[in-house]
Amino acid sequence: MNSTLRSPPARAARTAYHHGELRQTLLDAAADLLANGGIDAVGMREIARRASVSHAAPYRHYASREALLADLAAIGFEQLAARFAALPPLATPDRRLVDMARAYVDFARQQPQLWRLMFGNALDKLEYPALLEASRLVLATLRATVEALGVPAPATHQTLAAWAFAHGVARLVLDHRLDAHLDTPIDADALVQEAARIFLRGLRTP
């Protein structure tokens, strides 16, 4: 897909678009609505208004609101995969697992509404091949890291366990649970490292 999310166009933007420009403009407007108001704020009429096009224009590229949201989610997975790819290549498998978990939590903290869209139940990934492929790419990257720890392929349960601890930390952070139930504030990065340490120890315990 290789799309990027930019700032939405100004209200006075021109209404004539070259091929491909309208789709990107729609995505940018939807991304801004998502970031500022969550999934419920993303509506096709408002997207069209921000793009300065007719209410019918978005449907030239997207059959439904859900199809547009699926495109946004797929781009989010591509961005997350790019973060994983940018991690230090010479790190040990242990270090890489920690770095990936940290990158996962940081992504959730920086783009919480996009993260919730990607991993929530608003979309059925099986209905959107590009979204399913993008999500599987992220999981495959994590699987390769877990297998590099010495776990025999396909390491399915171990990969899901690694995802679960990173996802759990991210969810606790986004839901503000780290401070709500504890007397002492907990640093999210320190929690990631401790969760990774426990995971790695359990992985190597007979």
# chains A, B, ... in the order shown; residues from 1 in each chain; ligands from 1

call {"tool": "select_by_dssp", "arguments": {"residues": "stretch 24-199 of chain A", "states": "helix (DSSP H, G or I)", "output": "JSON, numbers by chain"}}
result
{"A": [24, 25, 26, 27, 28, 29, 30, 31, 32, 33, 34, 35, 36, 37, 39, 40, 41, 44, 45, 46, 47, 48, 49, 50, 51, 57, 58, 59, 60, 65, 66, 67, 68, 69, 70, 71, 72, 73, 74, 75, 76, 77, 78, 79, 80, 81, 82, 83, 84, 85, 93, 94, 95, 96, 97, 98, 99, 100, 101, 102, 103, 104, 105, 106, 107, 108, 109, 110, 112, 113, 114, 115, 116, 117, 118, 119, 125, 126, 127, 129, 130, 131, 132, 133, 134, 135, 136, 137, 138, 139, 140, 141, 142, 143, 144, 145, 146, 147, 148, 156, 157, 158, 159, 160, 161, 162, 163, 164, 165, 166, 167, 168, 169, 170, 171, 172, 173, 174, 177, 178, 179, 180, 188, 189, 190, 191, 192, 193, 194, 195, 196, 197, 198, 199]}

call {"tool": "closest_residue", "arguments": {"among": "A:Gly168, A:Gly43, A:Pro206, A:Gly150", "to": "A:Asp94", "atoms": "only C-alpha atoms"}}
result
A:Gly150

call {"tool": "atom_distance", "arguments": {"atom1": "atom CA of A:Arg143", "atom2": "atom CA of A:Ala31"}}
result
29.1 Å

call {"tool": "closest_residue", "arguments": {"among": "A:Leu26, A:Val105, A:Leu137, A:Leu142", "to": "A:Ala57", "atoms": "only C-alpha atoms"}}
result
A:Leu26

call {"tool": "atom_distance", "arguments": {"atom1": "atom CA of A:Ser54", "atom2": "atom CA of A:Leu123"}}
result
25.8 Å

call {"tool": "residues_around", "arguments": {"residues": "stretch 32-35 of chain A", "least_positions_apart": "2", "cutoff": "12 Å", "atoms": "only C-alpha atoms", "output": "ChimeraX atom specification"}}
result
/A:5-9,25-30,37-51,68-69,72-73,108-118

call {"tool": "write_last_selection", "arguments": {"atoms": "C-alpha atoms", "output": "CSV table (one decimal), in the first residue's frame"}}
result
chain,number,residue,atom,x,y,z
A,5,LEU,CA,-0.9,10.0,6.3
A,6,ARG,CA,-0.5,13.8,6.0
A,7,SER,CA,-2.2,16.8,7.5
A,8,PRO,CA,-5.7,17.2,6.0
A,9,PRO,CA,-6.2,19.9,3.3
A,25,THR,CA,-6.7,13.4,0.7
A,26,LEU,CA,-9.6,11.3,2.0
A,27,LEU,CA,-7.2,9.2,4.0
A,28,ASP,CA,-5.6,12.3,5.5
A,29,ALA,CA,-8.9,13.7,6.5
A,30,ALA,CA,-10.0,10.4,8.0
A,37,GLY,CA,-12.2,11.8,17.9
A,38,GLY,CA,-11.8,8.1,17.6
A,39,ILE,CA,-13.5,5.7,15.3
A,40,ASP,CA,-17.0,7.1,15.8
A,41,ALA,CA,-15.8,10.5,14.6
A,42,VAL,CA,-14.9,9.2,11.1
A,43,GLY,CA,-17.8,9.8,8.8
A,44,MET,CA,-17.9,9.9,5.0
A,45,ARG,CA,-19.8,13.2,4.9
A,46,GLU,CA,-17.3,15.0,7.2
A,47,ILE,CA,-14.4,13.5,5.2
A,48,ALA,CA,-15.9,14.8,2.0
A,49,ARG,CA,-16.5,18.2,3.6
A,50,ARG,CA,-12.8,18.4,4.7
A,51,ALA,CA,-11.7,17.4,1.2
A,68,LEU,CA,-11.7,3.4,4.3
A,69,LEU,CA,-11.1,2.5,7.9
A,72,LEU,CA,-6.2,3.3,7.5
A,73,ALA,CA,-5.6,0.3,9.7
A,108,ALA,CA,0.3,2.8,20.9
A,109,ARG,CA,1.1,5.8,23.0
A,110,GLN,CA,1.8,8.1,20.1
A,111,GLN,CA,-1.1,7.0,17.9
A,112,PRO,CA,-3.7,5.6,20.4
A,113,GLN,CA,-6.8,5.8,18.2
A,114,LEU,CA,-5.0,4.3,15.2
A,115,TRP,CA,-3.7,1.5,17.5
A,116,ARG,CA,-7.2,0.8,18.8
A,117,LEU,CA,-8.5,0.7,15.2
A,118,MET,CA,-5.8,-1.8,14.2

call {"tool": "atom_distance", "arguments": {"atom1": "atom CA of A:Arg96", "atom2": "atom CA of A:Leu200"}}
result
11.9 Å

call {"tool": "closest_residue", "arguments": {"among": "A:Thr159, A:Thr184, A:Gln24, A:Gln79", "to": "A:Tyr62", "atoms": "only C-alpha atoms"}}
result
A:Gln24

call {"tool": "closest_residue", "arguments": {"among": "A:Ala130, A:Val98, A:Ala144, A:Arg83", "to": "A:Glu194", "atoms": "only C-alpha atoms"}}
result
A:Val98

call {"tool": "residues_around", "arguments": {"residues": "A:Arg95", "least_positions_apart": "3", "cutoff": "12 Å", "atoms": "only C-alpha atoms", "output": "MDAnalysis selection string"}}
result
chainID A and resid 87:92 98:102 145:146 148:149 192:193 196:197 200

call {"tool": "write_last_selection", "arguments": {"atoms": "N, CA and C atoms", "output": "PDB file, in the first residue's frame"}}
result
ATOM      1  N   LEU A  87      14.785  -0.979  13.775  1.00  0.00           N
ATOM      2  CA  LEU A  87      15.489  -1.293  15.017  1.00  0.00           C
ATOM      3  C   LEU A  87      16.919  -1.733  14.717  1.00  0.00           C
ATOM      4  N   PRO A  88      17.838  -1.587  15.684  1.00  0.00           N
ATOM      5  CA  PRO A  88      19.245  -1.962  15.458  1.00  0.00           C
ATOM      6  C   PRO A  88      19.373  -3.390  14.945  1.00  0.00           C
ATOM      7  N   PRO A  89      19.976  -3.588  13.778  1.00  0.00           N
ATOM      8  CA  PRO A  89      20.017  -4.927  13.167  1.00  0.00           C
ATOM      9  C   PRO A  89      20.957  -5.905  13.860  1.00  0.00           C
ATOM     10  N   LEU A  90      21.929  -5.408  14.607  1.00  0.00           N
ATOM     11  CA  LEU A  90      22.930  -6.278  15.211  1.00  0.00           C
ATOM     12  C   LEU A  90      22.629  -6.620  16.665  1.00  0.00           C
ATOM     13  N   ALA A  91      21.433  -6.258  17.122  1.00  0.00           N
ATOM     14  CA  ALA A  91      21.069  -6.551  18.511  1.00  0.00           C
ATOM     15  C   ALA A  91      20.920  -8.055  18.710  1.00  0.00           C
ATOM     16  N   THR A  92      21.174  -8.519  19.925  1.00  0.00           N
ATOM     17  CA  THR A  92      20.937  -9.920  20.252  1.00  0.00           C
ATOM     18  C   THR A  92      19.437 -10.184  20.181  1.00  0.00           C
ATOM     19  N   VAL A  98      13.024  -6.989  23.316  1.00  0.00           N
ATOM     20  CA  VAL A  98      12.732  -5.834  24.168  1.00  0.00           C
ATOM     21  C   VAL A  98      12.491  -4.599  23.312  1.00  0.00           C
ATOM     22  N   ASP A  99      13.338  -4.395  22.315  1.00  0.00           N
ATOM     23  CA  ASP A  99      13.193  -3.223  21.442  1.00  0.00           C
ATOM     24  C   ASP A  99      11.873  -3.254  20.684  1.00  0.00           C
ATOM     25  N   MET A 100      11.468  -4.435  20.228  1.00  0.00           N
ATOM     26  CA  MET A 100      10.198  -4.544  19.512  1.00  0.00           C
ATOM     27  C   MET A 100       9.018  -4.266  20.434  1.00  0.00           C
ATOM     28  N   ALA A 101       9.078  -4.776  21.652  1.00  0.00           N
ATOM     29  CA  ALA A 101       8.006  -4.519  22.612  1.00  0.00           C
ATOM     30  C   ALA A 101       7.923  -3.033  22.931  1.00  0.00           C
ATOM     31  N   ARG A 102       9.069  -2.411  23.088  1.00  0.00           N
ATOM     32  CA  ARG A 102       9.085  -0.975  23.363  1.00  0.00           C
ATOM     33  C   ARG A 102       8.522  -0.186  22.175  1.00  0.00           C
ATOM     34  N   THR A 145      11.633 -13.132  15.364  1.00  0.00           N
ATOM     35  CA  THR A 145      12.426 -12.764  16.534  1.00  0.00           C
ATOM     36  C   THR A 145      12.330 -13.835  17.611  1.00  0.00           C
ATOM     37  N   VAL A 146      11.141 -14.366  17.835  1.00  0.00           N
ATOM     38  CA  VAL A 146      10.959 -15.418  18.841  1.00  0.00           C
ATOM     39  C   VAL A 146      11.725 -16.678  18.429  1.00  0.00           C
ATOM     40  N   ALA A 148      14.370 -16.768  16.673  1.00  0.00           N
ATOM     41  CA  ALA A 148      15.797 -16.480  16.837  1.00  0.00           C
ATOM     42  C   ALA A 148      16.250 -16.687  18.279  1.00  0.00           C
ATOM     43  N   LEU A 149      15.300 -16.737  19.214  1.00  0.00           N
ATOM     44  CA  LEU A 149      15.618 -17.010  20.613  1.00  0.00           C
ATOM     45  C   LEU A 149      15.891 -18.491  20.853  1.00  0.00           C
ATOM     46  N   VAL A 192       7.822  -2.629  30.402  1.00  0.00           N
ATOM     47  CA  VAL A 192       8.107  -3.415  29.197  1.00  0.00           C
ATOM     48  C   VAL A 192       9.314  -4.307  29.428  1.00  0.00           C
ATOM     49  N   GLN A 193      10.366  -3.736  29.990  1.00  0.00           N
ATOM     50  CA  GLN A 193      11.593  -4.507  30.198  1.00  0.00           C
ATOM     51  C   GLN A 193      11.383  -5.627  31.214  1.00  0.00           C
ATOM     52  N   ALA A 196       9.335  -8.364  29.578  1.00  0.00           N
ATOM     53  CA  ALA A 196      10.185  -9.113  28.646  1.00  0.00           C
ATOM     54  C   ALA A 196      11.112 -10.057  29.399  1.00  0.00           C
ATOM     55  N   ARG A 197      11.645  -9.602  30.525  1.00  0.00           N
ATOM     56  CA  ARG A 197      12.542 -10.447  31.323  1.00  0.00           C
ATOM     57  C   ARG A 197      11.799 -11.679  31.822  1.00  0.00           C
ATOM     58  N   LEU A 200      11.160 -14.028  28.849  1.00  0.00           N
ATOM     59  CA  LEU A 200      12.364 -14.736  28.419  1.00  0.00           C
ATOM     60  C   LEU A 200      12.765 -15.814  29.416  1.00  0.00           C
TER      61      LEU A 200
END

call {"tool": "residues_around", "arguments": {"residues": "A:Pro129", "least_positions_apart": "3", "cutoff": "12 Å", "atoms": "only C-alpha atoms", "output": "ChimeraX atom specification"}}
result
/A:1,67,70-71,73-74,123-126,132-136

call {"tool": "write_last_selection", "arguments": {"atoms": "N, CA and C atoms", "output": "PDB file, in the first residue's frame"}}
result
ATOM      1  N   MET A   1       0.837  -1.199   0.000  1.00  0.00           N
ATOM      2  CA  MET A   1       0.000   0.000   0.000  1.00  0.00           C
ATOM      3  C   MET A   1       0.870   1.247   0.000  1.00  0.00           C
ATOM      4  N   ALA A  67     -14.453   0.262   4.584  1.00  0.00           N
ATOM      5  CA  ALA A  67     -13.358   0.024   3.642  1.00  0.00           C
ATOM      6  C   ALA A  67     -12.274   1.088   3.797  1.00  0.00           C
ATOM      7  N   ALA A  70     -10.422   0.337   6.972  1.00  0.00           N
ATOM      8  CA  ALA A  70      -9.517  -0.797   6.760  1.00  0.00           C
ATOM      9  C   ALA A  70      -8.227  -0.339   6.105  1.00  0.00           C
ATOM     10  N   ASP A  71      -8.320   0.609   5.178  1.00  0.00           N
ATOM     11  CA  ASP A  71      -7.126   1.167   4.557  1.00  0.00           C
ATOM     12  C   ASP A  71      -6.263   1.886   5.599  1.00  0.00           C
ATOM     13  N   ALA A  73      -6.166   1.291   8.815  1.00  0.00           N
ATOM     14  CA  ALA A  73      -5.582   0.285   9.698  1.00  0.00           C
ATOM     15  C   ALA A  73      -4.403  -0.413   9.030  1.00  0.00           C
ATOM     16  N   ALA A  74      -4.534  -0.715   7.734  1.00  0.00           N
ATOM     17  CA  ALA A  74      -3.444  -1.365   7.008  1.00  0.00           C
ATOM     18  C   ALA A  74      -2.209  -0.466   6.979  1.00  0.00           C
ATOM     19  N   LEU A 123     -13.287  -3.890  12.747  1.00  0.00           N
ATOM     20  CA  LEU A 123     -13.120  -4.382  11.375  1.00  0.00           C
ATOM     21  C   LEU A 123     -12.882  -5.889  11.388  1.00  0.00           C
ATOM     22  N   ASP A 124     -13.424  -6.565  10.396  1.00  0.00           N
ATOM     23  CA  ASP A 124     -13.150  -7.978  10.189  1.00  0.00           C
ATOM     24  C   ASP A 124     -12.031  -8.075   9.157  1.00  0.00           C
ATOM     25  N   LYS A 125     -10.830  -8.408   9.615  1.00  0.00           N
ATOM     26  CA  LYS A 125      -9.678  -8.430   8.720  1.00  0.00           C
ATOM     27  C   LYS A 125      -9.849  -9.384   7.552  1.00  0.00           C
ATOM     28  N   LEU A 126     -10.639 -10.430   7.737  1.00  0.00           N
ATOM     29  CA  LEU A 126     -10.830 -11.403   6.665  1.00  0.00           C
ATOM     30  C   LEU A 126     -11.554 -10.797   5.467  1.00  0.00           C
ATOM     31  N   LEU A 132      -5.372  -7.673   6.156  1.00  0.00           N
ATOM     32  CA  LEU A 132      -4.950  -8.966   6.691  1.00  0.00           C
ATOM     33  C   LEU A 132      -3.472  -9.212   6.402  1.00  0.00           C
ATOM     34  N   GLU A 133      -3.034  -8.906   5.184  1.00  0.00           N
ATOM     35  CA  GLU A 133      -1.640  -9.103   4.817  1.00  0.00           C
ATOM     36  C   GLU A 133      -0.711  -8.222   5.654  1.00  0.00           C
ATOM     37  N   ALA A 134      -1.101  -6.966   5.851  1.00  0.00           N
ATOM     38  CA  ALA A 134      -0.270  -6.051   6.628  1.00  0.00           C
ATOM     39  C   ALA A 134      -0.159  -6.493   8.080  1.00  0.00           C
ATOM     40  N   SER A 135      -1.251  -6.975   8.653  1.00  0.00           N
ATOM     41  CA  SER A 135      -1.224  -7.431  10.047  1.00  0.00           C
ATOM     42  C   SER A 135      -0.386  -8.700  10.183  1.00  0.00           C
ATOM     43  N   ARG A 136      -0.464  -9.582   9.191  1.00  0.00           N
ATOM     44  CA  ARG A 136       0.323 -10.808   9.246  1.00  0.00           C
ATOM     45  C   ARG A 136       1.814 -10.534   9.093  1.00  0.00           C
TER      46      ARG A 136
END

call {"tool": "decode", "arguments": {"residues": "stretch 174-186 of chain A", "atoms": "all heavy atoms", "output": "PDB file, in the first residue's frame"}}
result
ATOM      1  N   LEU A 174      -2.651   2.937  27.742  1.00  0.00           N
ATOM      2  CA  LEU A 174      -3.706   3.726  27.100  1.00  0.00           C
ATOM      3  C   LEU A 174      -4.929   3.894  27.984  1.00  0.00           C
ATOM      4  O   LEU A 174      -5.606   4.912  27.922  1.00  0.00           O
ATOM      5  CB  LEU A 174      -4.116   3.075  25.779  1.00  0.00           C
ATOM      6  CG  LEU A 174      -3.081   3.051  24.656  1.00  0.00           C
ATOM      7  CD1 LEU A 174      -3.729   2.675  23.336  1.00  0.00           C
ATOM      8  CD2 LEU A 174      -2.374   4.393  24.517  1.00  0.00           C
ATOM      9  N   ASP A 175      -5.203   2.893  28.805  1.00  0.00           N
ATOM     10  CA  ASP A 175      -6.360   2.959  29.699  1.00  0.00           C
ATOM     11  C   ASP A 175      -6.030   3.623  31.032  1.00  0.00           C
ATOM     12  O   ASP A 175      -6.873   3.657  31.932  1.00  0.00           O
ATOM     13  CB  ASP A 175      -6.911   1.558  29.958  1.00  0.00           C
ATOM     14  CG  ASP A 175      -7.573   0.960  28.721  1.00  0.00           C
ATOM     15  OD1 ASP A 175      -7.801   1.713  27.749  1.00  0.00           O
ATOM     16  OD2 ASP A 175      -7.853  -0.242  28.720  1.00  0.00           O
ATOM     17  N   HIS A 176      -4.798   4.122  31.144  1.00  0.00           N
ATOM     18  CA  HIS A 176      -4.349   4.818  32.358  1.00  0.00           C
ATOM     19  C   HIS A 176      -4.494   3.951  33.610  1.00  0.00           C
ATOM     20  O   HIS A 176      -4.893   4.412  34.677  1.00  0.00           O
ATOM     21  CB  HIS A 176      -5.129   6.131  32.541  1.00  0.00           C
ATOM     22  CG  HIS A 176      -5.050   7.042  31.358  1.00  0.00           C
ATOM     23  ND1 HIS A 176      -3.900   7.736  31.029  1.00  0.00           N
ATOM     24  CD2 HIS A 176      -5.963   7.353  30.401  1.00  0.00           C
ATOM     25  CE1 HIS A 176      -4.121   8.455  29.932  1.00  0.00           C
ATOM     26  NE2 HIS A 176      -5.355   8.223  29.535  1.00  0.00           N
ATOM     27  N   ARG A 177      -4.165   2.681  33.460  1.00  0.00           N
ATOM     28  CA  ARG A 177      -4.296   1.751  34.578  1.00  0.00           C
ATOM     29  C   ARG A 177      -3.035   1.662  35.423  1.00  0.00           C
ATOM     30  O   ARG A 177      -3.081   1.149  36.536  1.00  0.00           O
ATOM     31  CB  ARG A 177      -4.642   0.352  34.057  1.00  0.00           C
ATOM     32  CG  ARG A 177      -5.978   0.283  33.311  1.00  0.00           C
ATOM     33  CD  ARG A 177      -7.128   0.714  34.188  1.00  0.00           C
ATOM     34  NE  ARG A 177      -8.409   0.564  33.518  1.00  0.00           N
ATOM     35  CZ  ARG A 177      -9.558   1.000  34.016  1.00  0.00           C
ATOM     36  NH1 ARG A 177      -9.582   1.618  35.192  1.00  0.00           N
ATOM     37  NH2 ARG A 177     -10.685   0.832  33.359  1.00  0.00           N
ATOM     38  N   LEU A 178      -1.916   2.131  34.904  1.00  0.00           N
ATOM     39  CA  LEU A 178      -0.667   2.007  35.659  1.00  0.00           C
ATOM     40  C   LEU A 178      -0.685   2.877  36.908  1.00  0.00           C
ATOM     41  O   LEU A 178      -0.099   2.524  37.929  1.00  0.00           O
ATOM     42  CB  LEU A 178       0.523   2.386  34.772  1.00  0.00           C
ATOM     43  CG  LEU A 178       0.786   1.459  33.583  1.00  0.00           C
ATOM     44  CD1 LEU A 178       2.057   1.877  32.862  1.00  0.00           C
ATOM     45  CD2 LEU A 178       0.893   0.009  34.034  1.00  0.00           C
ATOM     46  N   ASP A 179      -1.349   4.009  36.829  1.00  0.00           N
ATOM     47  CA  ASP A 179      -1.402   4.907  37.981  1.00  0.00           C
ATOM     48  C   ASP A 179      -2.701   4.758  38.775  1.00  0.00           C
ATOM     49  O   ASP A 179      -2.756   5.091  39.954  1.00  0.00           O
ATOM     50  CB  ASP A 179      -1.276   6.365  37.524  1.00  0.00           C
ATOM     51  CG  ASP A 179       0.062   6.646  36.857  1.00  0.00           C
ATOM     52  OD1 ASP A 179       1.036   5.944  37.182  1.00  0.00           O
ATOM     53  OD2 ASP A 179       0.124   7.543  36.006  1.00  0.00           O
ATOM     54  N   ALA A 180      -3.743   4.250  38.123  1.00  0.00           N
ATOM     55  CA  ALA A 180      -5.053   4.228  38.767  1.00  0.00           C
ATOM     56  C   ALA A 180      -5.130   3.256  39.933  1.00  0.00           C
ATOM     57  O   ALA A 180      -5.858   3.491  40.893  1.00  0.00           O
ATOM     58  CB  ALA A 180      -6.125   3.876  37.726  1.00  0.00           C
ATOM     59  N   HIS A 181      -4.399   2.165  39.881  1.00  0.00           N
ATOM     60  CA  HIS A 181      -4.543   1.126  40.897  1.00  0.00           C
ATOM     61  C   HIS A 181      -3.303   0.948  41.770  1.00  0.00           C
ATOM     62  O   HIS A 181      -3.251   0.024  42.574  1.00  0.00           O
ATOM     63  CB  HIS A 181      -4.872  -0.213  40.224  1.00  0.00           C
ATOM     64  CG  HIS A 181      -6.134  -0.175  39.408  1.00  0.00           C
ATOM     65  ND1 HIS A 181      -7.362   0.080  39.945  1.00  0.00           N
ATOM     66  CD2 HIS A 181      -6.333  -0.344  38.080  1.00  0.00           C
ATOM     67  CE1 HIS A 181      -8.282   0.054  38.998  1.00  0.00           C
ATOM     68  NE2 HIS A 181      -7.679  -0.194  37.855  1.00  0.00           N
ATOM     69  N   LEU A 182      -2.336   1.813  41.608  1.00  0.00           N
ATOM     70  CA  LEU A 182      -1.086   1.658  42.349  1.00  0.00           C
ATOM     71  C   LEU A 182      -0.753   2.931  43.112  1.00  0.00           C
ATOM     72  O   LEU A 182      -1.097   4.036  42.700  1.00  0.00           O
ATOM     73  CB  LEU A 182       0.056   1.311  41.382  1.00  0.00           C
ATOM     74  CG  LEU A 182      -0.129   0.021  40.567  1.00  0.00           C
ATOM     75  CD1 LEU A 182       0.948  -0.068  39.502  1.00  0.00           C
ATOM     76  CD2 LEU A 182      -0.068  -1.193  41.483  1.00  0.00           C
ATOM     77  N   ASP A 183      -0.077   2.765  44.250  1.00  0.00           N
ATOM     78  CA  ASP A 183       0.320   3.925  45.045  1.00  0.00           C
ATOM     79  C   ASP A 183       1.501   4.658  44.416  1.00  0.00           C
ATOM     80  O   ASP A 183       1.634   5.868  44.550  1.00  0.00           O
ATOM     81  CB  ASP A 183       0.692   3.483  46.471  1.00  0.00           C
ATOM     82  CG  ASP A 183      -0.498   2.901  47.217  1.00  0.00           C
ATOM     83  OD1 ASP A 183      -1.633   3.328  46.918  1.00  0.00           O
ATOM     84  OD2 ASP A 183      -0.285   2.029  48.065  1.00  0.00           O
ATOM     85  N   THR A 184       2.358   3.912  43.735  1.00  0.00           N
ATOM     86  CA  THR A 184       3.553   4.500  43.134  1.00  0.00           C
ATOM     87  C   THR A 184       3.446   4.453  41.613  1.00  0.00           C
ATOM     88  O   THR A 184       3.165   3.390  41.054  1.00  0.00           O
ATOM     89  CB  THR A 184       4.812   3.723  43.554  1.00  0.00           C
ATOM     90  OG1 THR A 184       4.884   3.703  44.990  1.00  0.00           O
ATOM     91  CG2 THR A 184       6.066   4.379  42.988  1.00  0.00           C
ATOM     92  N   PRO A 185       3.636   5.569  40.929  1.00  0.00           N
ATOM     93  CA  PRO A 185       3.570   5.569  39.463  1.00  0.00           C
ATOM     94  C   PRO A 185       4.584   4.589  38.861  1.00  0.00           C
ATOM     95  O   PRO A 185       5.699   4.453  39.362  1.00  0.00           O
ATOM     96  CB  PRO A 185       3.913   7.022  39.097  1.00  0.00           C
ATOM     97  CG  PRO A 185       3.565   7.818  40.318  1.00  0.00           C
ATOM     98  CD  PRO A 185       3.882   6.923  41.474  1.00  0.00           C
ATOM     99  N   ILE A 186       4.187   3.921  37.815  1.00  0.00           N
ATOM    100  CA  ILE A 186       5.025   2.947  37.144  1.00  0.00           C
ATOM    101  C   ILE A 186       5.429   3.482  35.772  1.00  0.00           C
ATOM    102  O   ILE A 186       4.593   3.980  35.018  1.00  0.00           O
ATOM    103  CB  ILE A 186       4.287   1.608  36.969  1.00  0.00           C
ATOM    104  CG1 ILE A 186       3.898   1.030  38.327  1.00  0.00           C
ATOM    105  CG2 ILE A 186       5.131   0.614  36.188  1.00  0.00           C
ATOM    106  CD1 ILE A 186       5.076   0.673  39.214  1.00  0.00           C
TER     107      ILE A 186
END
